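Asks: I am sharing structure-v1.pdb, which consists of PDB, C-alpha atoms, pLDDT in the B column:
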ATOM      1  CA  MET M   1       0.431   8.260   4.162  1.00 47.00           C
ATOM      2  CA  THR M   2       0.782   4.658   5.178  1.00 62.00           C
ATOM      3  CA  ALA M   3      -1.365   1.649   4.515  1.00 84.00           C
ATOM      4  CA  ALA M   4      -2.025  -1.025   7.081  1.00 85.00           C
ATOM      5  CA  VAL M   5      -2.746  -4.707   7.452  1.00 86.00           C
ATOM      6  CA  ALA M   6      -5.714  -5.307   9.717  1.00 84.00           C
ATOM      7  CA  LEU M   7      -5.216  -8.079  12.252  1.00 83.00           C
ATOM      8  CA  LYS M   8      -7.856  -9.334  14.691  1.00 80.00           C
ATOM      9  CA  ASP M   9      -6.892  -6.955  17.451  1.00 82.00           C
ATOM     10  CA  LYS M  10      -4.777  -4.257  15.806  1.00 85.00           C
ATOM     11  CA  GLU M  11      -3.400  -2.819  12.604  1.00 90.00           C
ATOM     12  CA  VAL M  12       0.218  -2.899  11.484  1.00 91.00           C
ATOM     13  CA  ALA M  13       1.627  -0.266   9.146  1.00 93.00           C
ATOM     14  CA  VAL M  14       2.925  -1.257   5.717  1.00 93.00           C
ATOM     15  CA  ASP M  15       4.483   0.783   2.918  1.00 92.00           C
ATOM     16  CA  GLU M  16       2.892   1.476  -0.456  1.00 90.00           C
ATOM     17  CA  GLU M  17       4.045  -1.927  -1.726  1.00 91.00           C
ATOM     18  CA  GLY M  18       2.730  -3.795   1.304  1.00 93.00           C
ATOM     19  CA  TYR M  19       5.989  -4.384   3.161  1.00 95.00           C
ATOM     20  CA  LEU M  20       6.046  -3.914   6.924  1.00 95.00           C
ATOM     21  CA  VAL M  21       7.253  -0.501   8.049  1.00 93.00           C
ATOM     22  CA  ASN M  22       8.516  -1.848  11.373  1.00 92.00           C
ATOM     23  CA  LEU M  23      10.016  -5.285  10.985  1.00 91.00           C
ATOM     24  CA  ALA M  24       9.421  -5.891  14.696  1.00 92.00           C
ATOM     25  CA  ASP M  25       5.640  -5.838  14.075  1.00 94.00           C
ATOM     26  CA  TRP M  26       5.828  -9.259  12.467  1.00 95.00           C
ATOM     27  CA  ASN M  27       4.162 -12.345  13.819  1.00 94.00           C
ATOM     28  CA  GLU M  28       2.606 -15.370  12.158  1.00 95.00           C
ATOM     29  CA  ASP M  29      -0.773 -13.656  12.098  1.00 94.00           C
ATOM     30  CA  VAL M  30       0.680 -10.877   9.975  1.00 95.00           C
ATOM     31  CA  ALA M  31       1.871 -13.433   7.424  1.00 96.00           C
ATOM     32  CA  ARG M  32      -1.483 -15.270   7.462  1.00 96.00           C
ATOM     33  CA  THR M  33      -3.418 -12.030   7.047  1.00 95.00           C
ATOM     34  CA  MET M  34      -1.249 -10.742   4.200  1.00 95.00           C
ATOM     35  CA  ALA M  35      -1.625 -14.095   2.447  1.00 96.00           C
ATOM     36  CA  ALA M  36      -5.380 -14.184   3.027  1.00 95.00           C
ATOM     37  CA  ASP M  37      -5.612 -10.722   1.441  1.00 93.00           C
ATOM     38  CA  ASP M  38      -4.002 -12.328  -1.629  1.00 93.00           C
ATOM     39  CA  ASN M  39      -6.436 -15.278  -1.387  1.00 93.00           C
ATOM     40  CA  ILE M  40      -3.692 -17.667  -0.335  1.00 94.00           C
ATOM     41  CA  ALA M  41      -3.950 -20.067   2.591  1.00 95.00           C
ATOM     42  CA  LEU M  42      -0.459 -20.681   3.902  1.00 96.00           C
ATOM     43  CA  THR M  43       0.600 -24.329   3.976  1.00 97.00           C
ATOM     44  CA  GLY M  44       3.591 -26.040   5.539  1.00 96.00           C
ATOM     45  CA  ASN M  45       5.453 -25.531   2.273  1.00 96.00           C
ATOM     46  CA  HIS M  46       4.859 -21.781   2.416  1.00 97.00           C
ATOM     47  CA  TRP M  47       6.006 -21.635   6.028  1.00 97.00           C
ATOM     48  CA  GLU M  48       9.161 -23.525   5.154  1.00 95.00           C
ATOM     49  CA  VAL M  49      10.126 -20.715   2.771  1.00 96.00           C
ATOM     50  CA  ILE M  50       8.941 -17.915   5.073  1.00 96.00           C
ATOM     51  CA  ASN M  51      10.872 -19.304   8.019  1.00 96.00           C
ATOM     52  CA  PHE M  52      13.906 -19.824   5.844  1.00 95.00           C
ATOM     53  CA  LEU M  53      13.782 -16.164   4.791  1.00 95.00           C
ATOM     54  CA  ARG M  54      13.482 -14.982   8.375  1.00 96.00           C
ATOM     55  CA  GLU M  55      16.502 -17.049   9.363  1.00 95.00           C
ATOM     56  CA  TYR M  56      18.451 -15.781   6.364  1.00 94.00           C
ATOM     57  CA  TYR M  57      17.649 -12.192   7.238  1.00 95.00           C
ATOM     58  CA  ALA M  58      18.537 -12.678  10.907  1.00 94.00           C
ATOM     59  CA  GLU M  59      21.888 -14.099   9.846  1.00 94.00           C
ATOM     60  CA  TYR M  60      22.846 -11.713   7.010  1.00 93.00           C
ATOM     61  CA  GLN M  61      20.567  -8.642   7.285  1.00 92.00           C
ATOM     62  CA  VAL M  62      19.768  -9.081   3.596  1.00 91.00           C
ATOM     63  CA  ALA M  63      16.454  -9.987   1.970  1.00 92.00           C
ATOM     64  CA  PRO M  64      17.795 -12.306  -0.723  1.00 90.00           C
ATOM     65  CA  ALA M  65      17.064 -11.763  -4.407  1.00 86.00           C
ATOM     66  CA  ILE M  66      15.207 -14.557  -6.197  1.00 86.00           C
ATOM     67  CA  ARG M  67      18.305 -16.197  -7.654  1.00 86.00           C
ATOM     68  CA  VAL M  68      19.968 -16.273  -4.259  1.00 88.00           C
ATOM     69  CA  LEU M  69      16.816 -17.541  -2.585  1.00 91.00           C
ATOM     70  CA  THR M  70      16.402 -20.359  -5.086  1.00 92.00           C
ATOM     71  CA  LYS M  71      19.981 -21.469  -4.688  1.00 90.00           C
ATOM     72  CA  ALA M  72      19.941 -21.238  -0.892  1.00 90.00           C
ATOM     73  CA  ILE M  73      16.645 -23.128  -0.615  1.00 93.00           C
ATOM     74  CA  GLY M  74      18.078 -25.830  -2.833  1.00 94.00           C
ATOM     75  CA  LYS M  75      21.070 -26.163  -0.571  1.00 91.00           C
ATOM     76  CA  LYS M  76      18.935 -26.386   2.560  1.00 91.00           C
ATOM     77  CA  LEU M  77      15.763 -28.204   1.444  1.00 91.00           C
ATOM     78  CA  GLY M  78      16.893 -30.079  -1.660  1.00 93.00           C
ATOM     79  CA  PRO M  79      16.714 -29.535  -5.427  1.00 92.00           C
ATOM     80  CA  GLU M  80      13.016 -30.466  -5.686  1.00 94.00           C
ATOM     81  CA  LYS M  81      12.306 -27.274  -3.706  1.00 93.00           C
ATOM     82  CA  GLY M  82      15.224 -25.140  -4.856  1.00 92.00           C
ATOM     83  CA  ASN M  83      13.819 -24.347  -8.282  1.00 93.00           C
ATOM     84  CA  SER M  84      11.763 -21.463  -9.552  1.00 90.00           C
ATOM     85  CA  LYS M  85       8.828 -23.628 -10.724  1.00 93.00           C
ATOM     86  CA  TYR M  86       8.218 -24.928  -7.208  1.00 95.00           C
ATOM     87  CA  LEU M  87       8.675 -21.502  -5.635  1.00 94.00           C
ATOM     88  CA  TYR M  88       6.463 -19.728  -8.170  1.00 94.00           C
ATOM     89  CA  GLU M  89       3.690 -22.247  -7.514  1.00 94.00           C
ATOM     90  CA  LEU M  90       3.822 -21.321  -3.841  1.00 95.00           C
ATOM     91  CA  PHE M  91       4.273 -17.591  -4.394  1.00 95.00           C
ATOM     92  CA  PRO M  92       2.830 -16.676  -7.790  1.00 93.00           C
ATOM     93  CA  TYR M  93       3.560 -12.940  -7.405  1.00 90.00           C
ATOM     94  CA  GLY M  94       7.286 -13.624  -7.414  1.00 88.00           C
ATOM     95  CA  PRO M  95       8.780 -15.856  -4.736  1.00 87.00           C
ATOM     96  CA  ALA M  96      11.333 -13.448  -3.325  1.00 87.00           C
ATOM     97  CA  LYS M  97       9.108 -10.382  -3.336  1.00 90.00           C
ATOM     98  CA  GLN M  98       5.961 -12.054  -2.063  1.00 94.00           C
ATOM     99  CA  ALA M  99       7.567 -14.407   0.443  1.00 95.00           C
ATOM    100  CA  CYS M 100       9.748 -11.609   1.836  1.00 95.00           C
ATOM    101  CA  ARG M 101       6.630  -9.520   2.323  1.00 96.00           C
ATOM    102  CA  TYR M 102       4.850 -12.308   4.229  1.00 97.00           C
ATOM    103  CA  ALA M 103       8.034 -12.897   6.228  1.00 97.00           C
ATOM    104  CA  GLY M 104       8.050  -9.269   7.344  1.00 96.00           C
ATOM    105  CA  LEU M 105      11.301  -8.496   5.525  1.00 95.00           C
ATOM    106  CA  PRO M 106      12.080  -5.483   3.351  1.00 91.00           C
ATOM    107  CA  LYS M 107      11.689  -5.803  -0.403  1.00 88.00           C
ATOM    108  CA  PRO M 108      14.653  -7.786  -1.703  1.00 86.00           C
ATOM    109  CA  THR M 109      17.527  -5.655  -2.946  1.00 74.00           C
ATOM    110  CA  GLY M 110      17.895  -5.909  -6.681  1.00 63.00           C
ATOM    111  CA  CYS M 111      14.282  -6.818  -7.341  1.00 59.00           C
ATOM    112  CA  ILE M 112      12.626  -4.681  -9.962  1.00 51.00           C
TER     113      ILE M 112
ATOM    114  CA  MET O   1      21.509 -13.863 -20.275  1.00 41.00           C
ATOM    115  CA  SER O   2      24.880 -15.038 -21.524  1.00 42.00           C
ATOM    116  CA  ASP O   3      28.133 -13.177 -21.281  1.00 43.00           C
ATOM    117  CA  THR O   4      28.264 -12.118 -24.876  1.00 44.00           C
ATOM    118  CA  GLU O   5      24.641 -11.934 -25.868  1.00 43.00           C
ATOM    119  CA  ALA O   6      24.161  -8.813 -27.963  1.00 42.00           C
ATOM    120  CA  GLY O   7      20.714  -8.914 -29.498  1.00 42.00           C
ATOM    121  CA  GLU O   8      19.252  -6.442 -31.935  1.00 45.00           C
ATOM    122  CA  GLY O   9      17.742  -4.662 -28.966  1.00 46.00           C
ATOM    123  CA  GLY O  10      21.073  -3.460 -27.737  1.00 52.00           C
ATOM    124  CA  ASN O  11      24.357  -4.283 -26.166  1.00 59.00           C
ATOM    125  CA  ARG O  12      24.011  -6.809 -23.342  1.00 69.00           C
ATOM    126  CA  LYS O  13      27.692  -7.279 -22.656  1.00 80.00           C
ATOM    127  CA  VAL O  14      28.681  -7.891 -19.066  1.00 87.00           C
ATOM    128  CA  LYS O  15      30.560  -4.923 -17.737  1.00 91.00           C
ATOM    129  CA  ARG O  16      33.244  -4.961 -15.112  1.00 94.00           C
ATOM    130  CA  PHE O  17      32.145  -2.839 -12.189  1.00 94.00           C
ATOM    131  CA  MET O  18      34.462  -1.971  -9.364  1.00 96.00           C
ATOM    132  CA  ILE O  19      32.993  -0.426  -6.246  1.00 96.00           C
ATOM    133  CA  VAL O  20      35.578   1.418  -4.173  1.00 97.00           C
ATOM    134  CA  ASN O  21      34.717   1.847  -0.502  1.00 97.00           C
ATOM    135  CA  ARG O  22      36.715   4.548   1.233  1.00 97.00           C
ATOM    136  CA  LYS O  23      34.588   5.607   4.189  1.00 97.00           C
ATOM    137  CA  ALA O  24      33.891   4.226   7.655  1.00 97.00           C
ATOM    138  CA  PRO O  25      30.678   2.166   7.812  1.00 96.00           C
ATOM    139  CA  TYR O  26      28.586   4.568   9.894  1.00 95.00           C
ATOM    140  CA  GLY O  27      28.304   8.335  10.099  1.00 92.00           C
ATOM    141  CA  THR O  28      27.550   8.627   6.404  1.00 94.00           C
ATOM    142  CA  ILE O  29      25.256   6.634   4.132  1.00 94.00           C
ATOM    143  CA  TYR O  30      28.017   5.792   1.639  1.00 96.00           C
ATOM    144  CA  ALA O  31      28.900   2.298   2.837  1.00 96.00           C
ATOM    145  CA  LEU O  32      25.286   1.134   2.938  1.00 93.00           C
ATOM    146  CA  GLU O  33      24.523   2.682  -0.451  1.00 93.00           C
ATOM    147  CA  ALA O  34      27.588   1.044  -1.965  1.00 95.00           C
ATOM    148  CA  LEU O  35      26.373  -2.312  -0.689  1.00 93.00           C
ATOM    149  CA  GLU O  36      22.994  -1.759  -2.338  1.00 90.00           C
ATOM    150  CA  VAL O  37      24.690  -0.963  -5.636  1.00 90.00           C
ATOM    151  CA  VAL O  38      26.753  -4.137  -5.312  1.00 91.00           C
ATOM    152  CA  LEU O  39      23.717  -6.335  -4.706  1.00 87.00           C
ATOM    153  CA  ILE O  40      21.797  -4.733  -7.552  1.00 85.00           C
ATOM    154  CA  GLY O  41      24.756  -5.107  -9.904  1.00 84.00           C
ATOM    155  CA  ALA O  42      24.972  -8.783  -9.012  1.00 83.00           C
ATOM    156  CA  ALA O  43      21.248  -9.240  -9.626  1.00 78.00           C
ATOM    157  CA  PHE O  44      21.853  -7.965 -13.160  1.00 81.00           C
ATOM    158  CA  ASP O  45      24.646 -10.531 -13.654  1.00 81.00           C
ATOM    159  CA  GLN O  46      27.396  -7.974 -13.921  1.00 87.00           C
ATOM    160  CA  ASP O  47      31.022  -8.632 -13.035  1.00 91.00           C
ATOM    161  CA  VAL O  48      31.269  -6.850  -9.698  1.00 93.00           C
ATOM    162  CA  SER O  49      34.328  -6.446  -7.518  1.00 96.00           C
ATOM    163  CA  LEU O  50      34.814  -4.475  -4.323  1.00 97.00           C
ATOM    164  CA  VAL O  51      37.770  -2.559  -3.021  1.00 98.00           C
ATOM    165  CA  PHE O  52      38.128  -1.450   0.577  1.00 98.00           C
ATOM    166  CA  ALA O  53      40.640   1.316   1.129  1.00 97.00           C
ATOM    167  CA  ASP O  54      41.294   4.142   3.596  1.00 97.00           C
ATOM    168  CA  ASP O  55      38.643   4.071   6.380  1.00 97.00           C
ATOM    169  CA  GLY O  56      36.606   1.772   4.130  1.00 97.00           C
ATOM    170  CA  VAL O  57      38.519  -1.159   5.591  1.00 98.00           C
ATOM    171  CA  TYR O  58      36.530  -0.637   8.811  1.00 98.00           C
ATOM    172  CA  GLN O  59      33.393  -1.744   6.930  1.00 97.00           C
ATOM    173  CA  LEU O  60      34.686  -5.300   7.059  1.00 97.00           C
ATOM    174  CA  LYS O  61      35.829  -5.215  10.675  1.00 97.00           C
ATOM    175  CA  LYS O  62      34.500  -8.049  12.832  1.00 96.00           C
ATOM    176  CA  GLY O  63      32.492  -7.326  15.971  1.00 95.00           C
ATOM    177  CA  GLN O  64      30.681  -4.138  14.977  1.00 96.00           C
ATOM    178  CA  GLN O  65      28.324  -2.874  17.687  1.00 94.00           C
ATOM    179  CA  THR O  66      25.827  -0.249  16.572  1.00 94.00           C
ATOM    180  CA  LYS O  67      23.306  -0.145  19.431  1.00 92.00           C
ATOM    181  CA  GLY O  68      24.864   2.976  20.898  1.00 94.00           C
ATOM    182  CA  ILE O  69      24.399   4.959  17.679  1.00 93.00           C
ATOM    183  CA  GLY O  70      20.920   3.636  16.935  1.00 89.00           C
ATOM    184  CA  GLN O  71      21.792   2.273  13.504  1.00 89.00           C
ATOM    185  CA  LYS O  72      21.355  -1.104  11.943  1.00 88.00           C
ATOM    186  CA  ASN O  73      24.517  -3.181  11.954  1.00 92.00           C
ATOM    187  CA  PHE O  74      24.600  -4.184   8.315  1.00 93.00           C
ATOM    188  CA  SER O  75      28.038  -5.765   8.439  1.00 95.00           C
ATOM    189  CA  PRO O  76      26.631  -9.349   8.390  1.00 95.00           C
ATOM    190  CA  SER O  77      25.513  -8.556   4.836  1.00 94.00           C
ATOM    191  CA  TYR O  78      29.085  -8.819   3.578  1.00 96.00           C
ATOM    192  CA  ARG O  79      28.951 -12.510   4.455  1.00 95.00           C
ATOM    193  CA  ALA O  80      26.016 -12.912   2.039  1.00 93.00           C
ATOM    194  CA  LEU O  81      28.025 -11.623  -0.923  1.00 93.00           C
ATOM    195  CA  GLY O  82      29.159 -15.156  -1.731  1.00 91.00           C
ATOM    196  CA  ASP O  83      25.510 -16.140  -2.249  1.00 90.00           C
ATOM    197  CA  TYR O  84      25.353 -13.363  -4.858  1.00 90.00           C
ATOM    198  CA  ASP O  85      28.461 -14.816  -6.549  1.00 91.00           C
ATOM    199  CA  ILE O  86      30.507 -11.794  -5.560  1.00 93.00           C
ATOM    200  CA  GLU O  87      33.853 -13.204  -4.651  1.00 93.00           C
ATOM    201  CA  LYS O  88      36.277 -10.484  -5.685  1.00 96.00           C
ATOM    202  CA  LEU O  89      36.926  -8.519  -2.516  1.00 97.00           C
ATOM    203  CA  TYR O  90      40.156  -6.569  -2.386  1.00 98.00           C
ATOM    204  CA  VAL O  91      41.584  -4.718   0.577  1.00 98.00           C
ATOM    205  CA  GLU O  92      44.387  -2.223   0.232  1.00 98.00           C
ATOM    206  CA  ARG O  93      47.380  -3.390   2.221  1.00 97.00           C
ATOM    207  CA  GLU O  94      48.588   0.084   3.200  1.00 97.00           C
ATOM    208  CA  SER O  95      45.174   1.083   4.589  1.00 97.00           C
ATOM    209  CA  LEU O  96      44.903  -2.127   6.575  1.00 97.00           C
ATOM    210  CA  GLN O  97      48.362  -1.774   8.063  1.00 97.00           C
ATOM    211  CA  ALA O  98      47.941   1.914   8.893  1.00 98.00           C
ATOM    212  CA  ARG O  99      44.952   0.953  11.051  1.00 97.00           C
ATOM    213  CA  GLY O 100      46.672  -1.945  12.783  1.00 97.00           C
ATOM    214  CA  LEU O 101      44.379  -4.489  11.146  1.00 97.00           C
ATOM    215  CA  ALA O 102      45.063  -7.898   9.649  1.00 97.00           C
ATOM    216  CA  PRO O 103      42.910 -10.133   7.390  1.00 96.00           C
ATOM    217  CA  ALA O 104      41.976 -12.158  10.500  1.00 97.00           C
ATOM    218  CA  ASP O 105      40.167  -9.069  11.845  1.00 97.00           C
ATOM    219  CA  LEU O 106      37.817  -9.048   8.858  1.00 97.00           C
ATOM    220  CA  LEU O 107      34.390 -10.654   8.483  1.00 96.00           C
ATOM    221  CA  VAL O 108      35.046 -12.278   5.132  1.00 96.00           C
ATOM    222  CA  PRO O 109      38.008 -13.679   3.197  1.00 96.00           C
ATOM    223  CA  VAL O 110      39.643 -10.983   1.078  1.00 97.00           C
ATOM    224  CA  ARG O 111      42.637 -10.522  -1.157  1.00 97.00           C
ATOM    225  CA  VAL O 112      45.081  -8.001   0.226  1.00 98.00           C
ATOM    226  CA  LEU O 113      46.766  -5.983  -2.515  1.00 98.00           C
ATOM    227  CA  GLY O 114      49.175  -3.085  -2.525  1.00 97.00           C
ATOM    228  CA  SER O 115      47.990   0.203  -3.957  1.00 94.00           C
ATOM    229  CA  ALA O 116      50.139  -0.279  -7.087  1.00 96.00           C
ATOM    230  CA  GLU O 117      48.478  -3.648  -7.812  1.00 96.00           C
ATOM    231  CA  LEU O 118      45.066  -2.132  -7.157  1.00 96.00           C
ATOM    232  CA  SER O 119      45.639   0.673  -9.624  1.00 95.00           C
ATOM    233  CA  VAL O 120      46.404  -1.880 -12.348  1.00 96.00           C
ATOM    234  CA  LEU O 121      43.179  -3.723 -11.510  1.00 96.00           C
ATOM    235  CA  MET O 122      41.257  -0.450 -11.511  1.00 96.00           C
ATOM    236  CA  ASP O 123      42.562   0.343 -14.950  1.00 96.00           C
ATOM    237  CA  GLU O 124      41.021  -2.875 -16.292  1.00 96.00           C
ATOM    238  CA  GLN O 125      37.464  -1.960 -15.236  1.00 96.00           C
ATOM    239  CA  ASP O 126      34.667  -0.625 -17.409  1.00 95.00           C
ATOM    240  CA  VAL O 127      33.139   1.287 -14.521  1.00 95.00           C
ATOM    241  CA  VAL O 128      34.677   2.410 -11.236  1.00 96.00           C
ATOM    242  CA  LEU O 129      32.320   3.815  -8.622  1.00 95.00           C
ATOM    243  CA  SER O 130      33.825   5.449  -5.585  1.00 96.00           C
ATOM    244  CA  PHE O 131      31.906   5.710  -2.321  1.00 96.00           C
TER     245      PHE O 131
END
Give the structure from this file in structure tokens form.
Replies:
Amino acid sequence: MTAAVALKDKEVAVDEEGYLVNLADWNEDVARTMAADDNIALTGNHWEVINFLREYYAEYQVAPAIRVLTKAIGKKLGPEKGNSKYLYELFPYGPAKQACRYAGLPKPTGCI
Amino acid sequence: MSDTEAGEGGNRKVKRFMIVNRKAPYGTIYALEALEVVLIGAAFDQDVSLVFADDGVYQLKKGQQTKGIGQKNFSPSYRALGDYDIEKLYVERESLQARGLAPADLLVPVRVLGSAELSVLMDEQDVVLSF
């Protein structure tokens, strides 16, 4: 049994925790729809993190754990963004888990 | 969580985990599973080191192409280990040499050790997991 995220013109399959089954199904609409289902309107700050995660995954084939994400964001976007307070404000359900889901990545390894 | 914190709730001491990789990267699930264990161990702030021996040295080989076997090439993940503060990667010299490989053929910087040195290191671990 699989769940799905309903887009305007089609549905994409997700697992029981809401992560995409086929990573290739991702597009920006998927992210927007998943966020809307959580009552979140994605802003430029959200996209910065989502795009960062997609680049990280393309480079390393790893969905980074929260500690790694925080550190890597800090390195790339500066300390005012590379801290858990900032990231939790953007992604209240847990920055790595929630942002990875919107980014179409698997659940981060090592997240409980 | 500090290194020595041992609250009333239990023993929170950091343990030394050594993950020993002995198999080629594809064909079995061992290499990928070992990597998962490594990343999880790091997320729990444990002292994790990796050994690559026997055909396990192929896991670190540069230029892996997996299209033909329809599997995900997960070898780029080894380059993310530094982000997880995993910096102790050991490769057994004899295994490397037997396969005509040199450290320059590998995706990440490693320490090459002889099997005698590795056995000393292994003896110092709290947990050794072989894959």
Asks: Exactly which residues make up the result of the PyMOL selection byres ((chain O and resi 108) around 8) on this file, given as an MDAnalysis selection string?
Replies: chainID O and resid 60 78:79 106:107 109:110
Asks: Identify all residues satisfying the ChimeraX specification (/M :<10) & /O in the given file; provide them as a list in words.
Replies: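 Residues picked by the ChimeraX specification (/M :<10) & /O: Leu35, Glu36, Val37, Val38, Leu39, Ile40, Gly41, Ala42, Ala43, Phe44, Lys72, Asn73, Phe74, Ser75, Pro76, Ser77, Tyr78, Arg79, Ala80, Leu81, Gly82, Asp83, Tyr84 and Asp85 of chain O.
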Asks: Take the PyMOL selection byres ((chain M and resi 21-28) around 8), apply it to the structure above, and return the hits as JSON, numbers by chain.
Replies: {"M": [12, 13, 14, 15, 19, 20, 29, 30, 31, 32, 103, 104, 105, 106]}
Asks: Just the number, please: distance in Å from CA of Leu89 in chain O to CA of Thr28 in chain O, one decimal.
Replies: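 If I compute the distance from CA of Leu89 in chain O to CA of Thr28 in chain O, I get 21.5 Å.
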Asks: Using all atoms listed in the file, which residue out of M:Tyr102, M:Tyr86, M:Lys10, M:Gly74 lies closest to Ala36 in chain M?
Replies: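 Comparing M:Tyr102, M:Tyr86, M:Lys10, M:Gly74 against Ala36 in chain M, the winner is M:Tyr102.
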Asks: Quick one: distance from CA of Lys85 in chain M to CA of Thr33 in chain M in Å, one decimal?
Replies: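 One can read the CA of Lys85 in chain M to CA of Thr33 in chain M distance as 24.5 Å.
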Asks: Please report the interatomic distance between CA of Lys107 in chain M and CA of Arg54 in chain M in Å with one decimal.
Replies: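 For CA of Lys107 in chain M relative to CA of Arg54 in chain M, the distance reads 12.8 Å.
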